[in-house]
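Undergrad: Contents of run28.txt (compact mmCIF, C-alpha atoms) are given next:
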# COMPACT_ATOMS: atom_id res chain seq x y z
CA MET X 847 -28.51 -213.81 73.01
CA ARG X 848 -31.31 -211.46 71.96
CA ARG X 849 -34.64 -212.29 73.51
CA VAL X 850 -37.59 -212.27 71.08
CA SER X 851 -40.92 -211.14 72.46
CA PRO X 852 -43.91 -213.45 71.90
CA TRP X 853 -46.05 -210.33 71.57
CA THR X 854 -47.12 -208.74 68.32
CA LEU X 855 -47.29 -205.00 68.93
CA ILE X 856 -50.17 -203.20 67.26
CA ASP X 857 -50.67 -199.51 67.99
CA ILE X 858 -54.43 -198.93 67.91
CA GLY X 859 -54.45 -195.17 68.38
CA VAL X 860 -52.25 -193.73 65.65
CA ASN X 861 -52.99 -190.17 64.56
CA LEU X 862 -50.96 -190.23 61.34
CA ALA X 863 -53.72 -188.46 59.41
CA ASP X 864 -53.07 -185.35 61.51
CA LYS X 865 -51.15 -182.63 59.67
CA ALA X 866 -48.45 -182.70 62.36
CA PHE X 867 -47.14 -185.94 60.82
CA HIS X 868 -47.28 -184.99 57.13
CA SER X 869 -43.62 -183.98 56.88
CA ASP X 870 -42.26 -187.06 58.70
CA LEU X 871 -44.76 -189.80 57.89
CA ASP X 872 -42.19 -192.23 56.50
CA GLY X 873 -39.85 -191.59 59.41
CA VAL X 874 -42.58 -192.22 61.96
CA CYS X 875 -43.48 -195.52 60.28
CA GLU X 876 -39.81 -196.57 60.09
CA ARG X 877 -39.24 -195.78 63.78
CA ALA X 878 -42.38 -197.67 64.76
CA ALA X 879 -41.27 -200.74 62.79
CA ALA X 880 -37.78 -200.52 64.33
CA ALA X 881 -39.39 -200.44 67.78
CA GLY X 882 -41.29 -203.65 67.02
CA VAL X 883 -44.68 -202.26 66.00
CA ARG X 884 -46.09 -204.69 63.41
CA GLY X 885 -49.47 -203.10 62.85
CA MET X 886 -51.19 -199.74 63.23
CA VAL X 887 -54.79 -198.61 63.37
CA LEU X 888 -54.95 -195.00 62.18
CA THR X 889 -57.52 -192.96 64.05
CA GLY X 890 -60.26 -190.95 62.40
CA THR X 891 -61.42 -187.99 64.45
CA ARG X 892 -63.48 -186.12 61.82
CA VAL X 893 -64.96 -187.21 58.51
CA ALA X 894 -62.15 -185.67 56.43
CA GLU X 895 -59.47 -187.05 58.72
CA SER X 896 -61.14 -190.47 58.69
CA SER X 897 -60.94 -190.39 54.90
CA ARG X 898 -57.24 -189.46 55.02
CA ALA X 899 -56.62 -192.21 57.59
CA ALA X 900 -58.29 -194.78 55.32
CA ASP X 901 -56.27 -193.58 52.32
CA LEU X 902 -53.03 -193.86 54.32
CA ALA X 903 -53.97 -197.29 55.68
CA ALA X 904 -54.63 -198.51 52.15
CA ARG X 905 -51.05 -197.74 51.14
CA LEU X 906 -49.14 -198.60 54.34
CA PRO X 907 -48.32 -202.27 55.02
CA GLY X 908 -49.84 -203.54 58.26
CA ALA X 909 -52.16 -200.57 58.64
CA TRP X 910 -55.91 -200.20 59.11
CA SER X 911 -58.06 -197.26 60.12
CA THR X 912 -61.16 -196.13 61.94
CA ALA X 913 -63.95 -193.83 60.79
CA GLY X 914 -65.56 -191.56 63.30
CA VAL X 915 -65.95 -188.19 64.96
CA HIS X 916 -64.14 -187.42 68.21
CA PRO X 917 -66.32 -185.72 70.86
CA HIS X 918 -64.30 -182.50 70.49
CA TYR X 919 -65.68 -182.19 66.94
CA ALA X 920 -69.26 -183.35 67.55
CA ARG X 921 -70.43 -179.74 67.13
CA GLU X 922 -69.29 -179.92 63.48
CA CYS X 923 -71.55 -182.86 62.59
CA ASP X 924 -74.57 -182.45 60.36
CA HIS X 925 -77.11 -184.54 58.43
CA GLU X 926 -74.36 -185.79 56.05
CA THR X 927 -72.03 -187.09 58.77
CA VAL X 928 -73.52 -190.55 59.33
CA HIS X 929 -73.80 -191.15 55.59
CA ALA X 930 -70.14 -190.20 55.09
CA LEU X 931 -69.02 -192.42 57.99
CA ARG X 932 -71.08 -195.33 56.61
CA GLU X 933 -69.38 -194.96 53.22
CA LEU X 934 -65.95 -194.90 54.86
CA ALA X 935 -66.79 -197.87 57.08
CA ASN X 936 -67.42 -199.96 53.98
CA ARG X 937 -63.79 -199.62 52.90
CA ASP X 938 -61.68 -202.73 53.49
CA GLU X 939 -59.07 -200.91 55.55
CA VAL X 940 -61.62 -199.46 58.01
CA VAL X 941 -61.94 -201.84 60.95
CA ALA X 942 -63.87 -199.82 63.56
CA VAL X 943 -66.18 -196.87 64.11
CA GLY X 944 -64.56 -194.09 66.09
CA GLU X 945 -62.88 -192.41 67.68
CA CYS X 946 -66.17 -191.50 69.28
CA GLY X 947 -67.18 -190.90 72.86
CA LEU X 948 -67.48 -188.22 75.49
CA ASP X 949 -65.01 -185.65 76.78
CA TYR X 950 -66.31 -183.69 79.74
CA PHE X 951 -62.83 -182.42 80.63
CA ARG X 952 -62.42 -180.01 77.73
CA ASP X 953 -66.09 -179.70 76.68
CA LEU X 954 -65.12 -178.43 73.22
CA SER X 955 -68.57 -179.53 72.03
CA PRO X 956 -71.68 -179.20 74.17
CA ARG X 957 -72.29 -182.34 76.26
CA GLU X 958 -75.73 -182.90 74.77
CA THR X 959 -74.20 -182.78 71.28
CA GLN X 960 -71.43 -185.17 72.32
CA ARG X 961 -74.03 -187.66 73.63
CA GLU X 962 -76.15 -187.31 70.47
CA TRP X 963 -73.21 -188.07 68.18
CA LEU X 964 -71.95 -190.90 70.35
CA GLU X 965 -75.41 -192.47 70.08
CA LYS X 966 -75.46 -192.03 66.30
CA GLN X 967 -72.01 -193.57 65.87
CA LEU X 968 -72.88 -196.49 68.15
CA ALA X 969 -76.05 -197.04 66.13
CA LEU X 970 -73.92 -197.08 62.97
CA ALA X 971 -71.50 -199.58 64.52
CA SER X 972 -74.47 -201.73 65.56
CA GLU X 973 -75.97 -201.56 62.06
CA LEU X 974 -72.66 -202.55 60.47
CA ARG X 975 -71.70 -204.97 63.27
CA MET X 976 -68.36 -203.19 63.65
CA PRO X 977 -66.18 -202.67 66.72
CA VAL X 978 -65.92 -199.19 68.24
CA PHE X 979 -62.95 -197.12 69.36
CA LEU X 980 -64.21 -195.08 72.31
CA HIS X 981 -62.92 -191.93 73.97
CA ASP X 982 -63.77 -191.28 77.63
CA ARG X 983 -62.51 -188.36 79.64
CA GLU X 984 -64.29 -187.53 82.86
CA ALA X 985 -67.56 -188.91 81.45
CA HIS X 986 -67.51 -192.52 82.67
CA ASP X 987 -71.08 -192.84 83.94
CA ASP X 988 -72.69 -191.28 80.87
CA LEU X 989 -70.45 -193.21 78.47
CA LEU X 990 -71.19 -196.54 80.11
CA ALA X 991 -74.93 -195.85 80.23
CA ILE X 992 -75.00 -195.09 76.51
CA VAL X 993 -72.71 -197.98 75.51
CA ARG X 994 -74.76 -200.46 77.55
CA GLU X 995 -77.72 -199.80 75.24
CA HIS X 996 -75.67 -201.15 72.32
CA ARG X 997 -73.58 -203.88 73.94
CA ASP X 998 -75.58 -206.72 72.40
CA THR X 999 -75.09 -205.42 68.86
CA ILE X 1000 -71.50 -204.17 68.88
CA PRO X 1001 -69.00 -207.03 68.55
CA ARG X 1002 -66.06 -205.37 70.36
CA ALA X 1003 -64.94 -202.09 71.86
CA VAL X 1004 -61.82 -200.47 73.18
CA VAL X 1005 -61.93 -197.46 75.50
CA HIS X 1006 -59.15 -195.04 76.15
Rewrite the coordinates I just gave you, this time as structure tokens.
TA:
Amino acid sequence: MRRVSPWTLIDIGVNLADKAFHSDLDGVCERAAAAGVRGMVLTGTRVAESSRAADLAARLPGAWSTAGVHPHYARECDHETVHALRELANRDEVVAVGECGLDYFRDLSPRETQREWLEKQLALASELRMPVFLHDREAHDDLLAIVREHRDTIPRAVVH
């Protein structure tokens, strides 16, 4: 007799908007479903990728997305970034702000810039009362200090 799991599997860190998956998108989704994944949250790591993630989520059953800028790409942000993320966050399929956070392991963006854009994305999540999808690599103390300032206005968070 086959045992049925009481769990509903939802993958909350899916990078399907990345070009590496373009040629096998349908196959990836089929294999995930066959493995028991019943929902996916597609991760936005830049404004353009967040837009692609939202577009994909709108057409895939059981899919949602996030809108945010990963700390690796914080150096690419400008005065239009928060406006673009706000517009994306208003889409029905976008369920969280992120992936945002700090990455002191690779330091692909200056740490001060990473902290600035984490703050701005947390402020956006607070304004919109949206959950956040956080990235933390070797930056625990700084990440927690910044997140604590927003914990009363952000409904939920997940950290990886």
Undergrad: List every protein, DNA or RNA residue with an atom no more than 10 Å from (-61.1, -202.2, 71.8) in the file's coordinates, counting all atoms listed in the file, and format the result as a list in words.
TA: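 Within the cut-off we find Ile858, Ala942, Pro977, Val978, Phe979, Leu980, Pro1001, Arg1002, Ala1003, Val1004, Val1005 and His1006 of chain X.
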Undergrad: For the selection you just gave me, I'd like the residues written to a file as a compact mmCIF listing (two decimals), in the frame of the given file, keeping C-alpha atoms.
TA:
# COMPACT_ATOMS: atom_id res chain seq x y z
CA ILE X 858 -54.43 -198.93 67.91
CA ALA X 942 -63.87 -199.82 63.56
CA PRO X 977 -66.18 -202.67 66.72
CA VAL X 978 -65.92 -199.19 68.24
CA PHE X 979 -62.95 -197.12 69.36
CA LEU X 980 -64.21 -195.08 72.31
CA PRO X 1001 -69.00 -207.03 68.55
CA ARG X 1002 -66.06 -205.37 70.36
CA ALA X 1003 -64.94 -202.09 71.86
CA VAL X 1004 -61.82 -200.47 73.18
CA VAL X 1005 -61.93 -197.46 75.50
CA HIS X 1006 -59.15 -195.04 76.15
Undergrad: What lies within 12 Å of X:Glu958 using only C-alpha atoms, ignoring chain neighbours under 4 positions off, as a CSV table (one decimal) with C-alpha atoms, in the coordinates of the input?
TA:
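File result16.csv, as written:
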chain,number,residue,atom,x,y,z
X,917,PRO,CA,-66.3,-185.7,70.9
X,920,ALA,CA,-69.3,-183.4,67.6
X,921,ARG,CA,-70.4,-179.7,67.1
X,947,GLY,CA,-67.2,-190.9,72.9
X,948,LEU,CA,-67.5,-188.2,75.5
X,949,ASP,CA,-65.0,-185.6,76.8
X,950,TYR,CA,-66.3,-183.7,79.7
X,953,ASP,CA,-66.1,-179.7,76.7
X,954,LEU,CA,-65.1,-178.4,73.2
X,962,GLU,CA,-76.2,-187.3,70.5
X,963,TRP,CA,-73.2,-188.1,68.2
X,964,LEU,CA,-72.0,-190.9,70.4
X,965,GLU,CA,-75.4,-192.5,70.1
X,988,ASP,CA,-72.7,-191.3,80.9
Undergrad: Extract, using all atoms listed in the file, all DNA, RNA and protein residues at most 9 Å from X:Gly882, discarding same-chain residues fewer than 6 positions from it, and format them as a VMD selection string.
TA: chain X and resid 854 to 856
Undergrad: Could you write those residues out with C-alpha atoms, as a PDB file, in the frame of the given file?
TA:
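Now in selection_32.pdb:
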ATOM      1  CA  THR X 854     -47.120-208.740  68.320  1.00  0.00           C
ATOM      2  CA  LEU X 855     -47.290-205.000  68.930  1.00  0.00           C
ATOM      3  CA  ILE X 856     -50.170-203.200  67.260  1.00  0.00           C
TER       4      ILE X 856
END
Undergrad: Excluding X:Thr889 and residues on its chain fewer than 4 positions from it, collect all residues at most 8 Å away from it, counting all atoms listed in the file, and give them as a list in words.
TA: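 So, after excluding close chain neighbours, the residues are Ile858, Gly859, Val860, Asn861, Leu862, Ala863, Ser896, Ala899, Ser911, Thr912, Ala913, Gly944 and Glu945 of chain X.
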Undergrad: Compare X:Arg937, X:His986, X:Arg997, X:Lys865 by their minimum atom-to-atom distance to X:Ala971, counting only C-alpha atoms, and give me the closest one.
TA: X:Arg997
Undergrad: Can you measure atom CA of X:Ala930 to atom CA of X:Met976 for me? One decimal in Å is fine.
TA: 15.7 Å
Undergrad: Of the candidates X:Val928, X:Cys946, X:Ile1000, X:Val893, which shows the shortest atom-to-atom distance to X:His916, using only C-alpha atoms?
TA: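 Nearest to X:His916: X:Cys946.
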Undergrad: So for stretch 911-924 of chain X, what box centre and size do we get, axis-aligned, 3 Å extra on each of the six sides, every listed atom, Å to one decimal, as AutoDock Vina command-line options?
TA:
--center_x -66.3 --center_y -188.5 --center_z 65.5 --size_x 22.5 --size_y 23.5 --size_z 16.7
Undergrad: To one decimal in Å, tell me the separation between atom CA of X:Glu895 and atom CA of X:Glu995.
TA: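 That distance, rounded to one decimal, is 27.7 Å.
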Undergrad: Can you tell me which residues surround X:Ala878 at a distance of at most 12 Å, considering only C-alpha atoms, apart from same-chain residues fewer than 2 positions away, and format the answer as JSON, numbers by chain?
TA: {"X": [855, 856, 857, 860, 862, 871, 872, 873, 874, 875, 876, 880, 881, 882, 883, 884, 885, 886, 908, 909]}
Undergrad: Record the distance separating atom CA of X:Ile992 and atom CA of X:Val940, expressed in Å with one decimal.
TA: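 Atom-to-atom, atom CA of X:Ile992 and atom CA of X:Val940 are spaced 23.2 Å apart.
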Undergrad: Anything within 10 Å of (-71.6, -194.1, 58.6): list those residues as an mmCIF file with C-alpha atoms, in the coordinates of the input, counting all atoms listed in the file and sticking to the file's coordinates.
TA:
data_model
loop_
_atom_site.group_PDB
_atom_site.id
_atom_site.type_symbol
_atom_site.label_atom_id
_atom_site.label_comp_id
_atom_site.auth_asym_id
_atom_site.auth_seq_id
_atom_site.Cartn_x
_atom_site.Cartn_y
_atom_site.Cartn_z
ATOM 1 C CA VAL X 893 -64.960 -187.210 58.510
ATOM 2 C CA ALA X 913 -63.950 -193.830 60.790
ATOM 3 C CA GLY X 914 -65.560 -191.560 63.300
ATOM 4 C CA GLU X 926 -74.360 -185.790 56.050
ATOM 5 C CA THR X 927 -72.030 -187.090 58.770
ATOM 6 C CA VAL X 928 -73.520 -190.550 59.330
ATOM 7 C CA HIS X 929 -73.800 -191.150 55.590
ATOM 8 C CA ALA X 930 -70.140 -190.200 55.090
ATOM 9 C CA LEU X 931 -69.020 -192.420 57.990
ATOM 10 C CA ARG X 932 -71.080 -195.330 56.610
ATOM 11 C CA GLU X 933 -69.380 -194.960 53.220
ATOM 12 C CA LEU X 934 -65.950 -194.900 54.860
ATOM 13 C CA ALA X 935 -66.790 -197.870 57.080
ATOM 14 C CA ASN X 936 -67.420 -199.960 53.980
ATOM 15 C CA VAL X 943 -66.180 -196.870 64.110
ATOM 16 C CA LYS X 966 -75.460 -192.030 66.300
ATOM 17 C CA GLN X 967 -72.010 -193.570 65.870
ATOM 18 C CA LEU X 968 -72.880 -196.490 68.150
ATOM 19 C CA ALA X 969 -76.050 -197.040 66.130
ATOM 20 C CA LEU X 970 -73.920 -197.080 62.970
ATOM 21 C CA ALA X 971 -71.500 -199.580 64.520
ATOM 22 C CA GLU X 973 -75.970 -201.560 62.060
ATOM 23 C CA LEU X 974 -72.660 -202.550 60.470
#
Undergrad: Select, from X:Glu939, X:Glu922, X:Asp864, X:Asp870, the residue with the minimum atom-to-atom distance to X:Pro956, counting all atoms listed in the file.
TA: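 When distances to X:Pro956 are compared using all atoms listed in the file, the smallest one comes from X:Glu922.
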Undergrad: Got a sec to write stretch 857-868 of chain X of the block to a file, all heavy atoms, as an mmCIF file, in the first residue's frame?
TA:
data_model
loop_
_atom_site.group_PDB
_atom_site.id
_atom_site.type_symbol
_atom_site.label_atom_id
_atom_site.label_comp_id
_atom_site.auth_asym_id
_atom_site.auth_seq_id
_atom_site.Cartn_x
_atom_site.Cartn_y
_atom_site.Cartn_z
ATOM 1 N N ASP X 857 7.673 24.649 -2.832
ATOM 2 C CA ASP X 857 9.059 25.108 -2.952
ATOM 3 C C ASP X 857 9.027 26.626 -2.979
ATOM 4 O O ASP X 857 8.446 27.222 -3.891
ATOM 5 C CB ASP X 857 9.685 24.544 -4.225
ATOM 6 C CG ASP X 857 11.183 24.815 -4.318
ATOM 7 O OD1 ASP X 857 11.669 25.753 -3.657
ATOM 8 O OD2 ASP X 857 11.852 24.092 -5.064
ATOM 9 N N ILE X 858 9.640 27.262 -1.991
ATOM 10 C CA ILE X 858 9.544 28.724 -1.877
ATOM 11 C C ILE X 858 10.756 29.458 -2.430
ATOM 12 O O ILE X 858 10.843 30.673 -2.305
ATOM 13 C CB ILE X 858 9.288 29.164 -0.425
ATOM 14 C CG1 ILE X 858 10.456 28.786 0.476
ATOM 15 C CG2 ILE X 858 7.977 28.605 0.086
ATOM 16 C CD1 ILE X 858 10.409 29.443 1.840
ATOM 17 N N GLY X 859 11.675 28.744 -3.035
ATOM 18 C CA GLY X 859 12.874 29.390 -3.568
ATOM 19 C C GLY X 859 13.197 28.927 -4.971
ATOM 20 O O GLY X 859 14.289 28.450 -5.237
ATOM 21 N N VAL X 860 12.254 29.076 -5.882
ATOM 22 C CA VAL X 860 12.399 28.543 -7.234
ATOM 23 C C VAL X 860 12.947 29.645 -8.149
ATOM 24 O O VAL X 860 12.362 30.717 -8.249
ATOM 25 C CB VAL X 860 11.039 28.038 -7.773
ATOM 26 C CG1 VAL X 860 11.205 27.430 -9.150
ATOM 27 C CG2 VAL X 860 10.440 27.028 -6.802
ATOM 28 N N ASN X 861 14.028 29.347 -8.824
ATOM 29 C CA ASN X 861 14.669 30.335 -9.698
ATOM 30 C C ASN X 861 14.341 30.119 -11.169
ATOM 31 O O ASN X 861 15.195 30.260 -12.034
ATOM 32 C CB ASN X 861 16.189 30.310 -9.480
ATOM 33 C CG ASN X 861 16.563 30.813 -8.113
ATOM 34 O OD1 ASN X 861 16.121 31.872 -7.693
ATOM 35 N ND2 ASN X 861 17.360 30.054 -7.398
ATOM 36 N N LEU X 862 13.090 29.805 -11.479
ATOM 37 C CA LEU X 862 12.695 29.502 -12.847
ATOM 38 C C LEU X 862 12.831 30.678 -13.814
ATOM 39 O O LEU X 862 12.874 30.482 -15.018
ATOM 40 C CB LEU X 862 11.255 28.992 -12.901
ATOM 41 C CG LEU X 862 11.012 27.590 -12.365
ATOM 42 C CD1 LEU X 862 9.536 27.215 -12.518
ATOM 43 C CD2 LEU X 862 11.891 26.571 -13.054
ATOM 44 N N ALA X 863 12.897 31.892 -13.300
ATOM 45 C CA ALA X 863 13.055 33.047 -14.182
ATOM 46 C C ALA X 863 14.487 33.159 -14.705
ATOM 47 O O ALA X 863 14.742 33.899 -15.660
ATOM 48 C CB ALA X 863 12.651 34.333 -13.464
ATOM 49 N N ASP X 864 15.406 32.421 -14.124
ATOM 50 C CA ASP X 864 16.797 32.426 -14.566
ATOM 51 C C ASP X 864 16.897 31.778 -15.942
ATOM 52 O O ASP X 864 16.232 30.777 -16.230
ATOM 53 C CB ASP X 864 17.663 31.661 -13.562
ATOM 54 C CG ASP X 864 19.139 31.790 -13.859
ATOM 55 O OD1 ASP X 864 19.620 31.027 -14.710
ATOM 56 O OD2 ASP X 864 19.797 32.644 -13.239
ATOM 57 N N LYS X 865 17.753 32.324 -16.786
ATOM 58 C CA LYS X 865 17.890 31.829 -18.158
ATOM 59 C C LYS X 865 18.328 30.366 -18.216
ATOM 60 O O LYS X 865 18.086 29.688 -19.219
ATOM 61 C CB LYS X 865 18.839 32.710 -18.960
ATOM 62 C CG LYS X 865 20.264 32.720 -18.458
ATOM 63 C CD LYS X 865 21.113 33.681 -19.247
ATOM 64 C CE LYS X 865 22.496 33.759 -18.613
ATOM 65 N NZ LYS X 865 23.325 34.760 -19.254
ATOM 66 N N ALA X 866 18.929 29.850 -17.174
ATOM 67 C CA ALA X 866 19.360 28.452 -17.158
ATOM 68 C C ALA X 866 18.188 27.486 -17.307
ATOM 69 O O ALA X 866 18.373 26.351 -17.739
ATOM 70 C CB ALA X 866 20.118 28.153 -15.862
ATOM 71 N N PHE X 867 16.980 27.923 -16.987
ATOM 72 C CA PHE X 867 15.807 27.057 -17.047
ATOM 73 C C PHE X 867 14.947 27.283 -18.293
ATOM 74 O O PHE X 867 13.968 26.573 -18.493
ATOM 75 C CB PHE X 867 14.942 27.239 -15.790
ATOM 76 C CG PHE X 867 15.643 26.788 -14.546
ATOM 77 C CD1 PHE X 867 16.184 27.714 -13.671
ATOM 78 C CD2 PHE X 867 15.773 25.444 -14.251
ATOM 79 C CE1 PHE X 867 16.841 27.304 -12.522
ATOM 80 C CE2 PHE X 867 16.426 25.012 -13.106
ATOM 81 C CZ PHE X 867 16.968 25.951 -12.245
ATOM 82 N N HIS X 868 15.264 28.248 -19.108
ATOM 83 C CA HIS X 868 14.423 28.587 -20.261
ATOM 84 C C HIS X 868 14.175 27.405 -21.189
ATOM 85 O O HIS X 868 13.062 27.217 -21.670
ATOM 86 C CB HIS X 868 15.024 29.748 -21.041
ATOM 87 C CG HIS X 868 14.921 31.056 -20.325
ATOM 88 N ND1 HIS X 868 15.301 32.237 -20.897
ATOM 89 C CD2 HIS X 868 14.500 31.379 -19.081
ATOM 90 C CE1 HIS X 868 15.113 33.226 -20.039
ATOM 91 N NE2 HIS X 868 14.637 32.726 -18.926
#
